[in-house]
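To be precise, the following lines are target01.csv, and they hold CSV, C-alpha atoms.
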```csv
chain,number,residue,atom,x,y,z
A,1,MET,CA,-148.6,-40.5,10.4
A,2,SER,CA,-146.8,-37.3,9.2
A,3,SER,CA,-148.4,-34.5,7.3
A,4,LEU,CA,-146.9,-32.8,4.2
A,5,VAL,CA,-149.9,-30.6,3.6
A,6,ALA,CA,-148.8,-27.1,2.6
A,7,THR,CA,-150.5,-24.0,4.1
A,8,ASN,CA,-151.5,-20.8,2.5
A,9,ALA,CA,-150.7,-18.8,5.7
A,10,ALA,CA,-149.4,-15.3,4.9
A,11,VAL,CA,-147.6,-12.9,7.1
A,12,PRO,CA,-146.7,-9.2,6.6
A,13,ALA,CA,-143.3,-8.4,5.2
A,14,PRO,CA,-140.6,-8.8,7.8
A,15,ARG,CA,-138.9,-6.0,9.7
A,16,LYS,CA,-135.4,-6.4,11.0
A,17,ALA,CA,-135.1,-6.7,14.7
A,18,ASP,CA,-132.2,-5.6,17.0
A,19,SER,CA,-129.8,-8.4,17.9
A,20,SER,CA,-130.6,-7.9,21.5
A,21,LEU,CA,-134.1,-9.3,20.9
A,22,THR,CA,-132.8,-12.8,21.1
A,23,GLY,CA,-135.3,-14.6,23.3
A,24,ALA,CA,-133.8,-18.1,22.7
A,25,PRO,CA,-130.3,-19.4,23.3
A,26,ALA,CA,-127.8,-18.7,20.6
A,27,SER,CA,-127.2,-21.7,18.4
A,28,ALA,CA,-124.7,-24.2,19.6
A,29,PRO,CA,-121.7,-24.9,17.4
A,30,THR,CA,-123.0,-27.0,14.5
A,31,ALA,CA,-120.6,-29.9,14.8
A,32,VAL,CA,-120.6,-33.2,13.0
A,33,VAL,CA,-123.3,-35.6,14.2
A,34,ASP,CA,-122.1,-38.4,16.5
A,35,PRO,CA,-122.5,-41.7,14.6
A,36,ALA,CA,-123.1,-43.5,18.0
A,37,ALA,CA,-126.0,-41.2,18.8
A,38,ALA,CA,-127.5,-41.9,15.3
A,39,GLU,CA,-127.1,-45.7,15.7
A,40,GLU,CA,-128.6,-45.6,19.2
A,41,PHE,CA,-131.7,-43.9,17.9
A,42,LEU,CA,-131.9,-46.4,15.0
A,43,ASP,CA,-131.7,-49.2,17.5
A,44,GLN,CA,-134.7,-47.8,19.3
A,45,PHE,CA,-136.6,-47.0,16.1
A,46,TYR,CA,-136.2,-50.6,14.8
A,47,ALA,CA,-137.0,-52.1,18.2
A,48,GLU,CA,-140.4,-50.3,18.5
A,49,THR,CA,-141.5,-50.1,14.8
A,50,SER,CA,-141.3,-52.2,11.7
A,51,PRO,CA,-139.4,-50.2,9.0
A,52,PRO,CA,-139.2,-51.7,5.5
A,53,ALA,CA,-135.4,-51.3,5.2
A,54,ARG,CA,-133.0,-53.7,6.9
A,55,PHE,CA,-131.4,-52.3,10.0
A,56,ASP,CA,-127.8,-53.0,8.9
A,57,HIS,CA,-128.4,-51.3,5.6
A,58,ARG,CA,-129.9,-48.3,7.2
A,59,VAL,CA,-127.1,-48.0,9.7
A,60,TRP,CA,-124.6,-48.2,6.8
A,61,GLN,CA,-126.5,-45.4,4.9
A,62,VAL,CA,-126.5,-43.1,7.9
A,63,ARG,CA,-122.8,-43.7,8.7
A,64,HIS,CA,-121.9,-43.1,5.1
A,65,GLU,CA,-123.9,-39.9,5.0
A,66,ILE,CA,-122.3,-38.6,8.2
A,67,GLU,CA,-118.8,-39.4,6.9
A,68,THR,CA,-119.6,-37.5,3.7
A,69,THR,CA,-121.6,-34.5,5.0
A,70,GLY,CA,-121.2,-34.4,8.7
A,71,SER,CA,-124.9,-35.1,9.3
A,72,TYR,CA,-127.7,-37.3,7.9
A,73,THR,CA,-131.4,-37.0,7.0
A,74,HIS,CA,-134.1,-38.8,8.9
A,75,THR,CA,-136.8,-40.5,6.9
A,76,VAL,CA,-140.3,-39.2,7.5
A,77,ASP,CA,-141.1,-42.2,9.7
A,78,GLU,CA,-137.9,-41.7,11.7
A,79,LEU,CA,-138.7,-38.0,12.2
A,80,THR,CA,-142.3,-38.8,13.3
A,81,PHE,CA,-141.1,-41.5,15.7
A,82,GLY,CA,-138.4,-39.3,17.1
A,83,ALA,CA,-140.8,-36.3,17.7
A,84,ARG,CA,-143.4,-38.5,19.4
A,85,VAL,CA,-140.8,-40.2,21.6
A,86,ALA,CA,-139.4,-36.8,22.6
A,87,TRP,CA,-142.9,-36.0,23.9
A,88,ARG,CA,-143.0,-39.4,25.6
A,89,ASN,CA,-139.7,-38.5,27.3
A,90,SER,CA,-140.8,-35.0,28.5
A,91,ALA,CA,-140.6,-35.4,32.2
A,92,ARG,CA,-142.5,-32.2,32.9
A,93,CYS,CA,-145.6,-33.0,30.8
A,94,ILE,CA,-148.7,-34.6,32.5
A,95,GLY,CA,-150.4,-35.2,29.1
A,96,ARG,CA,-148.0,-37.8,27.7
A,97,LEU,CA,-150.7,-40.5,27.4
A,98,TYR,CA,-151.4,-39.2,23.9
A,99,TRP,CA,-147.7,-39.2,22.7
A,100,ASN,CA,-148.3,-41.6,19.9
A,101,SER,CA,-151.0,-39.4,18.3
A,102,LEU,CA,-148.8,-36.3,17.8
A,103,ARG,CA,-149.3,-35.0,14.3
A,104,VAL,CA,-146.0,-34.1,12.6
A,105,ARG,CA,-145.8,-31.4,10.0
A,106,ASP,CA,-142.5,-32.0,8.1
A,107,ARG,CA,-141.2,-28.6,7.0
A,108,ARG,CA,-137.5,-29.5,7.0
A,109,HIS,CA,-137.1,-27.8,3.6
A,110,LEU,CA,-137.8,-24.4,5.1
A,111,SER,CA,-135.2,-22.2,6.8
A,112,ALA,CA,-135.8,-18.6,5.7
A,113,PRO,CA,-137.4,-16.6,8.5
A,114,ALA,CA,-140.4,-15.5,6.4
A,115,ASP,CA,-141.2,-19.1,5.4
A,116,VAL,CA,-140.8,-20.3,9.0
A,117,ALA,CA,-143.1,-17.5,10.3
A,118,ALA,CA,-145.7,-18.3,7.6
A,119,GLU,CA,-145.7,-22.0,8.6
A,120,CYS,CA,-145.9,-21.1,12.3
A,121,VAL,CA,-149.2,-19.4,11.4
A,122,GLY,CA,-150.1,-22.5,9.5
A,123,HIS,CA,-149.3,-24.5,12.5
A,124,LEU,CA,-151.8,-22.5,14.6
A,125,ARG,CA,-154.5,-22.9,12.0
A,126,ASP,CA,-154.0,-26.6,11.6
A,127,ALA,CA,-153.8,-27.3,15.4
A,128,THR,CA,-156.8,-25.1,16.3
A,129,ARG,CA,-159.5,-26.8,14.1
A,130,ASP,CA,-162.3,-24.5,15.4
A,131,GLY,CA,-161.5,-25.5,19.0
A,132,ARG,CA,-160.9,-29.2,18.6
A,133,ILE,CA,-157.3,-28.8,19.4
A,134,ARG,CA,-154.9,-31.3,17.9
A,135,SER,CA,-151.5,-32.1,19.3
A,136,THR,CA,-149.1,-30.9,16.5
A,137,ILE,CA,-145.4,-30.3,15.9
A,138,THR,CA,-143.9,-28.5,12.9
A,139,VAL,CA,-140.3,-29.4,12.2
A,140,PHE,CA,-138.1,-26.9,10.3
A,141,ALA,CA,-134.6,-27.3,8.9
A,142,PRO,CA,-132.0,-28.9,11.2
A,143,ASP,CA,-128.6,-27.6,12.2
A,144,ARG,CA,-125.9,-28.8,9.8
A,145,PRO,CA,-122.2,-28.4,10.1
A,146,HIS,CA,-121.5,-24.7,9.4
A,147,HIS,CA,-125.2,-24.2,8.5
A,148,PRO,CA,-127.3,-23.6,11.6
A,149,GLY,CA,-131.1,-24.0,11.2
A,150,PRO,CA,-133.7,-21.3,11.9
A,151,ARG,CA,-134.5,-20.1,15.4
A,152,ILE,CA,-137.8,-19.0,16.8
A,153,HIS,CA,-137.1,-16.6,19.7
A,154,ASN,CA,-140.6,-16.5,21.2
A,155,ASP,CA,-141.2,-19.1,24.0
A,156,GLN,CA,-144.7,-19.7,22.6
A,157,LEU,CA,-146.2,-18.9,19.2
A,158,VAL,CA,-148.9,-16.9,21.0
A,159,ARG,CA,-148.0,-14.7,24.0
A,160,TYR,CA,-149.5,-11.4,25.2
A,161,ALA,CA,-147.5,-8.2,25.4
A,162,GLY,CA,-146.7,-6.5,28.7
A,163,HIS,CA,-146.8,-2.7,28.5
A,164,ARG,CA,-145.0,-0.6,31.1
A,165,LEU,CA,-147.1,2.6,31.6
A,166,PRO,CA,-145.8,6.0,32.4
A,167,THR,CA,-147.2,5.5,36.0
A,168,GLY,CA,-144.9,2.6,36.4
A,169,GLU,CA,-147.8,0.1,36.3
A,170,THR,CA,-147.9,-2.8,33.9
A,171,ARG,CA,-150.8,-3.5,31.5
A,172,GLY,CA,-150.9,-7.0,30.0
A,173,ASP,CA,-148.6,-9.9,30.8
A,174,GLY,CA,-146.0,-8.6,33.2
A,175,ARG,CA,-143.6,-11.4,32.4
A,176,TYR,CA,-143.2,-10.1,28.8
A,177,VAL,CA,-142.5,-6.4,29.5
A,178,ASP,CA,-138.8,-6.6,28.5
A,179,PHE,CA,-139.6,-8.7,25.4
A,180,THR,CA,-142.3,-6.2,24.4
A,181,GLU,CA,-140.1,-3.2,24.8
A,182,ARG,CA,-137.4,-4.7,22.7
A,183,ALA,CA,-139.9,-5.6,20.0
A,184,VAL,CA,-141.1,-2.0,20.1
A,185,GLY,CA,-137.6,-0.7,19.9
A,186,ALA,CA,-137.0,-2.9,16.8
A,187,GLY,CA,-140.0,-1.5,15.0
A,188,TRP,CA,-143.1,-3.3,16.3
A,189,ARG,CA,-146.0,-0.9,16.6
A,190,ARG,CA,-147.4,-1.1,20.0
A,191,PRO,CA,-151.3,-0.9,19.9
A,192,ASP,CA,-152.6,2.5,20.8
A,193,PRO,CA,-154.0,2.4,23.4
A,194,PRO,CA,-152.0,-0.6,24.7
A,195,GLY,CA,-154.3,-3.5,25.7
A,196,ARG,CA,-154.1,-6.3,28.2
A,197,PHE,CA,-154.2,-9.1,25.5
A,198,ASP,CA,-152.1,-7.8,22.6
A,199,VAL,CA,-150.6,-10.7,20.7
A,200,LEU,CA,-146.8,-10.3,20.4
A,201,PRO,CA,-145.1,-10.7,17.0
A,202,LEU,CA,-143.0,-13.7,16.1
A,203,LEU,CA,-139.2,-13.2,16.1
A,204,VAL,CA,-137.5,-15.6,13.7
A,205,SER,CA,-133.9,-15.7,12.7
A,206,ALA,CA,-131.7,-17.6,10.2
A,207,GLY,CA,-129.3,-19.2,12.6
A,208,ASP,CA,-127.6,-16.5,14.7
A,209,ASP,CA,-128.5,-13.7,12.3
A,210,GLU,CA,-130.6,-10.8,13.6
A,211,PRO,CA,-134.2,-11.9,14.1
A,212,GLU,CA,-136.9,-10.6,11.9
A,213,ILE,CA,-140.3,-9.5,13.2
A,214,PHE,CA,-143.6,-11.0,11.8
A,215,ASP,CA,-147.1,-10.1,13.0
A,216,VAL,CA,-149.4,-13.0,13.8
A,217,PRO,CA,-152.7,-12.6,11.9
A,218,ALA,CA,-155.6,-12.1,14.3
A,219,ASP,CA,-157.7,-14.8,12.5
A,220,ALA,CA,-155.0,-17.4,13.3
A,221,VAL,CA,-155.4,-17.0,17.1
A,222,LEU,CA,-158.5,-18.4,18.6
A,223,GLU,CA,-159.3,-16.7,21.9
A,224,VAL,CA,-161.8,-17.6,24.5
A,225,PRO,CA,-163.7,-14.9,26.4
A,226,LEU,CA,-163.8,-15.8,30.1
A,227,ILE,CA,-167.1,-16.0,32.0
A,228,HIS,CA,-168.2,-17.7,35.2
A,229,PRO,CA,-171.0,-20.2,35.6
A,230,ASP,CA,-172.4,-18.5,38.7
A,231,HIS,CA,-171.2,-14.9,38.7
A,232,ASP,CA,-172.4,-12.6,35.8
A,233,TRP,CA,-170.0,-9.9,36.9
A,234,PHE,CA,-167.0,-12.0,35.9
A,235,ALA,CA,-167.7,-11.2,32.2
A,236,ASP,CA,-167.3,-7.5,33.1
A,237,LEU,CA,-163.6,-8.2,33.8
A,238,ARG,CA,-163.2,-8.7,30.0
A,239,LEU,CA,-160.6,-11.4,30.4
A,240,ARG,CA,-159.7,-13.9,27.7
A,241,TRP,CA,-157.0,-16.4,26.7
A,242,HIS,CA,-155.8,-18.1,23.6
A,243,ALA,CA,-156.6,-21.7,22.8
A,244,VAL,CA,-153.3,-23.3,21.6
A,245,PRO,CA,-150.2,-23.5,23.9
A,246,ALA,CA,-147.6,-23.9,21.2
A,247,ILE,CA,-144.1,-24.0,22.7
A,248,SER,CA,-141.6,-22.7,20.2
A,249,ASN,CA,-138.1,-22.2,21.6
A,250,MET,CA,-137.2,-25.8,22.6
A,251,PRO,CA,-134.9,-27.6,20.1
A,252,LEU,CA,-135.9,-31.1,19.2
A,253,VAL,CA,-132.9,-33.5,19.3
A,254,VAL,CA,-133.3,-36.9,17.5
A,255,GLY,CA,-130.4,-39.3,16.9
A,256,GLY,CA,-127.8,-36.6,17.2
A,257,VAL,CA,-129.5,-34.2,14.8
A,258,THR,CA,-130.8,-30.9,16.3
A,259,TYR,CA,-133.9,-29.2,15.0
A,260,PRO,CA,-133.7,-25.8,16.6
A,261,ALA,CA,-137.1,-24.7,15.4
A,262,ALA,CA,-139.8,-27.2,16.1
A,263,PRO,CA,-142.9,-25.6,17.7
A,264,PHE,CA,-145.3,-28.1,19.3
A,265,ASN,CA,-148.5,-28.1,21.2
A,266,GLY,CA,-150.9,-30.2,23.2
A,267,TRP,CA,-153.9,-28.4,24.7
A,268,TYR,CA,-154.3,-26.4,27.9
A,269,LEU,CA,-154.9,-27.7,31.4
A,270,GLY,CA,-157.4,-25.4,33.1
A,271,THR,CA,-155.0,-24.8,36.0
A,272,GLU,CA,-152.3,-23.5,33.6
A,273,ILE,CA,-154.4,-20.5,32.8
A,274,GLY,CA,-156.6,-20.1,35.9
A,275,ALA,CA,-154.0,-20.9,38.6
A,276,ARG,CA,-150.8,-19.6,36.9
A,277,ASN,CA,-151.0,-17.3,33.9
A,278,LEU,CA,-153.8,-15.0,35.1
A,279,VAL,CA,-152.9,-15.0,38.8
A,280,ASP,CA,-149.1,-15.2,39.2
A,281,ALA,CA,-147.9,-12.0,40.8
A,282,ASP,CA,-145.4,-11.3,38.0
A,283,ARG,CA,-148.1,-11.8,35.3
A,284,TYR,CA,-151.7,-10.6,35.6
A,285,ASP,CA,-152.0,-10.8,39.4
A,286,LEU,CA,-155.8,-11.0,39.3
A,287,LEU,CA,-156.5,-12.8,42.6
A,288,PRO,CA,-157.1,-9.5,44.5
A,289,VAL,CA,-159.5,-8.3,41.9
A,290,VAL,CA,-161.5,-11.6,41.9
A,291,ALA,CA,-161.5,-11.7,45.7
A,292,GLU,CA,-162.9,-8.2,45.9
A,293,ARG,CA,-165.7,-9.0,43.5
A,294,LEU,CA,-166.5,-12.1,45.5
A,295,GLY,CA,-166.7,-10.0,48.7
A,296,LEU,CA,-164.0,-12.0,50.5
A,297,ASP,CA,-162.2,-10.8,53.6
A,298,THR,CA,-158.6,-10.1,52.4
A,299,SER,CA,-157.4,-8.7,55.7
A,300,SER,CA,-155.5,-11.9,56.7
A,301,GLU,CA,-154.0,-14.9,54.9
A,302,ARG,CA,-155.9,-17.0,57.5
A,303,THR,CA,-159.2,-16.3,55.8
A,304,LEU,CA,-157.9,-18.3,52.8
A,305,TRP,CA,-159.2,-15.7,50.4
A,306,ARG,CA,-156.5,-16.5,47.9
A,307,ASP,CA,-157.5,-20.2,47.8
A,308,ARG,CA,-161.2,-19.4,47.4
A,309,ALA,CA,-160.6,-16.9,44.7
A,310,LEU,CA,-158.2,-19.3,42.9
A,311,VAL,CA,-160.8,-22.0,42.7
A,312,GLU,CA,-163.3,-19.6,41.2
A,313,MET,CA,-160.8,-18.4,38.7
A,314,VAL,CA,-160.1,-22.0,37.6
A,315,ARG,CA,-163.8,-22.7,37.4
A,316,ALA,CA,-164.3,-19.7,35.2
A,317,VAL,CA,-161.6,-20.8,32.8
A,318,GLN,CA,-162.8,-24.4,32.6
A,319,HIS,CA,-166.4,-23.3,32.1
A,320,SER,CA,-165.5,-20.8,29.4
A,321,PHE,CA,-163.5,-23.2,27.3
A,322,ASP,CA,-166.3,-25.8,27.7
A,323,VAL,CA,-169.0,-23.3,26.6
A,324,ALA,CA,-166.8,-22.2,23.6
A,325,GLY,CA,-166.3,-25.8,22.6
A,326,VAL,CA,-162.5,-25.5,22.9
A,327,THR,CA,-160.5,-28.5,24.1
A,328,MET,CA,-159.2,-28.2,27.6
A,329,ALA,CA,-158.2,-30.8,30.2
A,330,ASP,CA,-159.0,-30.6,33.9
A,331,HIS,CA,-156.4,-31.5,36.5
A,332,HIS,CA,-158.3,-34.3,38.2
A,333,SER,CA,-159.0,-36.3,34.9
A,334,GLU,CA,-155.6,-35.6,33.5
A,335,SER,CA,-153.9,-36.9,36.7
A,336,ARG,CA,-155.7,-40.2,36.4
A,337,ARG,CA,-154.8,-40.4,32.7
A,338,PHE,CA,-151.1,-39.7,33.5
A,339,LEU,CA,-151.0,-42.7,35.9
A,340,THR,CA,-152.5,-44.8,33.0
A,341,HIS,CA,-149.6,-43.6,30.9
A,342,VAL,CA,-147.1,-44.6,33.6
A,343,ALA,CA,-148.7,-48.1,33.8
A,344,ARG,CA,-148.5,-48.5,30.1
A,345,GLU,CA,-144.9,-47.5,30.0
A,346,GLU,CA,-144.0,-49.9,32.8
A,347,SER,CA,-145.9,-52.7,31.0
A,348,ALA,CA,-143.8,-51.9,27.9
A,349,GLY,CA,-140.6,-52.3,30.0
A,350,ARG,CA,-139.8,-48.6,29.8
A,351,ARG,CA,-139.0,-46.1,32.6
A,352,CYS,CA,-141.4,-43.1,32.9
A,353,PRO,CA,-139.4,-40.3,34.5
A,354,ALA,CA,-141.4,-37.4,35.8
A,355,ASP,CA,-140.7,-34.1,37.5
A,356,TRP,CA,-143.0,-34.2,40.5
A,357,SER,CA,-143.2,-30.4,40.9
A,358,TRP,CA,-144.5,-30.1,37.4
A,359,ILE,CA,-146.8,-33.1,37.3
A,360,VAL,CA,-148.7,-32.2,40.5
A,361,PRO,CA,-151.2,-29.5,39.6
A,362,PRO,CA,-151.1,-26.1,41.4
A,363,VAL,CA,-154.6,-26.5,42.7
A,364,SER,CA,-155.8,-29.2,45.0
A,365,GLY,CA,-152.6,-31.2,44.5
A,366,GLY,CA,-153.3,-33.6,47.4
A,367,LEU,CA,-156.7,-34.5,45.9
A,368,THR,CA,-155.1,-35.9,42.7
A,369,PRO,CA,-153.6,-39.3,42.5
A,370,VAL,CA,-150.3,-38.0,41.0
A,371,TYR,CA,-149.5,-36.4,44.3
A,372,HIS,CA,-149.3,-39.6,46.3
A,373,ARG,CA,-146.3,-41.4,44.7
A,374,TYR,CA,-142.8,-40.9,43.6
A,375,TYR,CA,-141.5,-41.2,40.0
A,376,ASP,CA,-138.3,-42.1,38.3
A,377,GLU,CA,-135.8,-39.2,38.2
A,378,PRO,CA,-135.5,-37.5,34.8
A,379,ASP,CA,-132.2,-38.3,33.0
A,380,PRO,CA,-131.0,-35.1,31.2
A,381,GLU,CA,-129.1,-37.4,28.7
A,382,THR,CA,-132.3,-39.1,27.5
A,383,ARG,CA,-132.9,-38.8,23.8
A,384,PRO,CA,-135.0,-38.1,21.7
A,385,ALA,CA,-135.8,-35.0,23.7
A,386,PHE,CA,-137.0,-31.4,23.6
A,387,LEU,CA,-134.2,-29.3,25.2
```
Let me see whether you can do it: turn the structure in this file into structure tokens.
Amino acid sequence: MSSLVATNAAVPAPRKADSSLTGAPASAPTAVVDPAAAEEFLDQFYAETSPPARFDHRVWQVRHEIETTGSYTHTVDELTFGARVAWRNSARCIGRLYWNSLRVRDRRHLSAPADVAAECVGHLRDATRDGRIRSTITVFAPDRPHHPGPRIHNDQLVRYAGHRLPTGETRGDGRYVDFTERAVGAGWRRPDPPGRFDVLPLLVSAGDDEPEIFDVPADAVLEVPLIHPDHDWFADLRLRWHAVPAISNMPLVVGGVTYPAAPFNGWYLGTEIGARNLVDADRYDLLPVVAERLGLDTSSERTLWRDRALVEMVRAVQHSFDVAGVTMADHHSESRRFLTHVAREESAGRRCPADWSWIVPPVSGGLTPVYHRYYDEPDPETRPAFL
């Protein structure tokens, strides 16, 4: 069921950004929609749902609209179905069991950067719900012939800045140093002093225009301070992470229509934060710090100090989100649920492609059931899809 609830989210006045700030691909040529792609989608929509309009009449409407305007407009039900099936088709996502509960915020009437940024803030507020994270997508204006839709250049609505210090060291998320420096060059005020968890601004553009910069209000970003169930010293590290992983630079393609700005979120898997974001060498690289605090022998890889520190990091993340009452999945439970999803898809007569390297968790992979089988190969031509 789609939502048309408006938000009162406000963002500061925009500041123009340099064109080199583009963090998402430039828009593709906005060509006429392929009628065959539209009809293929309608075939699927009518096969899996029960629309009130007759199939042949709807196909005639869509073909006529494409001939007249070069594109067509999805009904709310078609958009909702398309967004949900795009999630169902996402070969890298282990959480697809819940695809049919995705909440769709229809904002197709919006294309101005300020409006898009405000609704991105509204998306965060709606999806967060005081920690009871709800899978949500907000769909903005589509590409039309000669009228490209808006672009969100951040890869997620919430990311932390990476600051290159005069010493050459990095404070914050090392993966976003370049993005941060470009934002600063375009007018974003770097916090003074720079911190390890400074939320980056949103960069939104009208089509291929220069992106504009919008700060994300602090009260729209729920963050969880990280503690450990057994080690009090862990709180002294003053680590935290945000609650909603909202991917924002993947276009949604439904029936030949491209929605270039369609941020969507599920909820975090503990290993995403504890075994990747905080410990990857090009990001926060915290394993040596945790290992030292644990008193582990780091003189040789054969002591398995990295493995031991990694497990404790994941424990801390999972424990912290649980204590804070914020939705988070664990890799063992989610692995079993994913196989439930695979079985349901097979029972429905559908393939369930999966990228094994993304489905198997980065911790204790061999202990999870998703490790011990093969999956259908993803087909890059499958639609609807997030690209």
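Nearest residue to Pro201 (chain A), choosing from A:Gln156, A:Thr167, A:Ser347, A:Ser50 and counting all atoms listed in the file: A:Gln156.
Distances from A:Ser90, A:Thr271, A:Thr69, A:Thr258 to Arg108 (chain A) were compared using all atoms listed in the file, and the smallest one belongs to A:Thr258.
The interatomic distance for the pair CA of Val363 (chain A) and CA of Phe386 (chain A) works out to 26.4 Å.
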If we count only C-alpha atoms, what is near Ser357 (chain A) at a cut-off of 10 Å, once residues fewer than 5 positions away on the same chain are taken out, given as a ChimeraX atom specification? /A:92,362,371
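One finds CA of Leu296 (chain A) at 12.0 Å from CA of Leu310 (chain A).
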I want to know what sits within 12 Å of Ala281 (chain A), based on all atoms listed in the file, with residues of the same chain fewer than 4 positions away left out; could you give that as an mmCIF file with C-alpha atoms, keeping the file's coordinate frame?
```cif
data_model
loop_
_atom_site.group_PDB
_atom_site.id
_atom_site.type_symbol
_atom_site.label_atom_id
_atom_site.label_comp_id
_atom_site.auth_asym_id
_atom_site.auth_seq_id
_atom_site.Cartn_x
_atom_site.Cartn_y
_atom_site.Cartn_z
ATOM 1 C CA THR A 170 -147.900 -2.800 33.900
ATOM 2 C CA ASP A 173 -148.600 -9.900 30.800
ATOM 3 C CA GLY A 174 -146.000 -8.600 33.200
ATOM 4 C CA ARG A 175 -143.600 -11.400 32.400
ATOM 5 C CA ALA A 275 -154.000 -20.900 38.600
ATOM 6 C CA ARG A 276 -150.800 -19.600 36.900
ATOM 7 C CA ASN A 277 -151.000 -17.300 33.900
ATOM 8 C CA ASP A 285 -152.000 -10.800 39.400
ATOM 9 C CA LEU A 286 -155.800 -11.000 39.300
ATOM 10 C CA LEU A 287 -156.500 -12.800 42.600
ATOM 11 C CA PRO A 288 -157.100 -9.500 44.500
#
```
What are the nearest atom pairs, with distances in Å to one decimal, for all residues of region 149-230 of chain A that come at most 9 Å from region 316-338 of chain A, using all atoms listed in the file, set out by chain and rising residue number as a Markdown table?
```
| residue | atom | partner | partner_atom | distance |
| --- | --- | --- | --- | --- |
| A:Val224 | CA | A:Phe321 | CA | 6.5 |
| A:Pro225 | CA | A:Ser320 | CA | 6.9 |
| A:Leu226 | CA | A:Ser320 | CA | 5.3 |
| A:Ile227 | CA | A:Ala316 | CA | 5.6 |
| A:His228 | CA | A:Ala316 | CA | 4.4 |
| A:Pro229 | CA | A:His319 | CA | 6.6 |
| A:Asp230 | CA | A:Ala316 | CA | 8.9 |
```
Excluding region 51-55 of chain A and residues on its chain fewer than 4 positions from it, collect all residues at most 10 Å away from it, counting all atoms listed in the file, and give them as a ChimeraX atom specification. /A:39,42-43,45-47,59-61,77-78
Ranking A:Asp106, A:Glu292, A:Asp126, A:Asp143 by minimum distance to Val32 (chain A) and counting all atoms listed in the file, which one comes first? A:Asp143
Near-Ala36 (chain A) list (10 Å; all atoms listed in the file; drop same-chain fewer than 3 positions) as an MDAnalysis selection string: chainID A and resid 33 39:42 63 255:256
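Proximity of A:Pro251, A:Gly270, A:Gly365, A:Pro263 to Glu119 (chain A), computed with all atoms listed in the file, is greatest for A:Pro263.
When CA of His231 (chain A) is paired with CA of Ser300 (chain A), their separation reads 24.1 Å.
Ranking A:Arg132, A:Arg283, A:Arg302, A:Arg125 by their shortest atom-to-atom distance to Ala161 (chain A), with all atoms listed in the file included, puts A:Arg283 first.
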I want to know what sits within 8 Å of Ala127 (chain A), based on only C-alpha atoms, with residues of the same chain fewer than 6 positions away left out; could you give that as a ChimeraX atom specification? /A:133-136,244,265
Proximity to Arg190 (chain A) - best of A:Pro245, A:His163, A:Tyr374, A:Pro148, all atoms listed in the file: A:His163
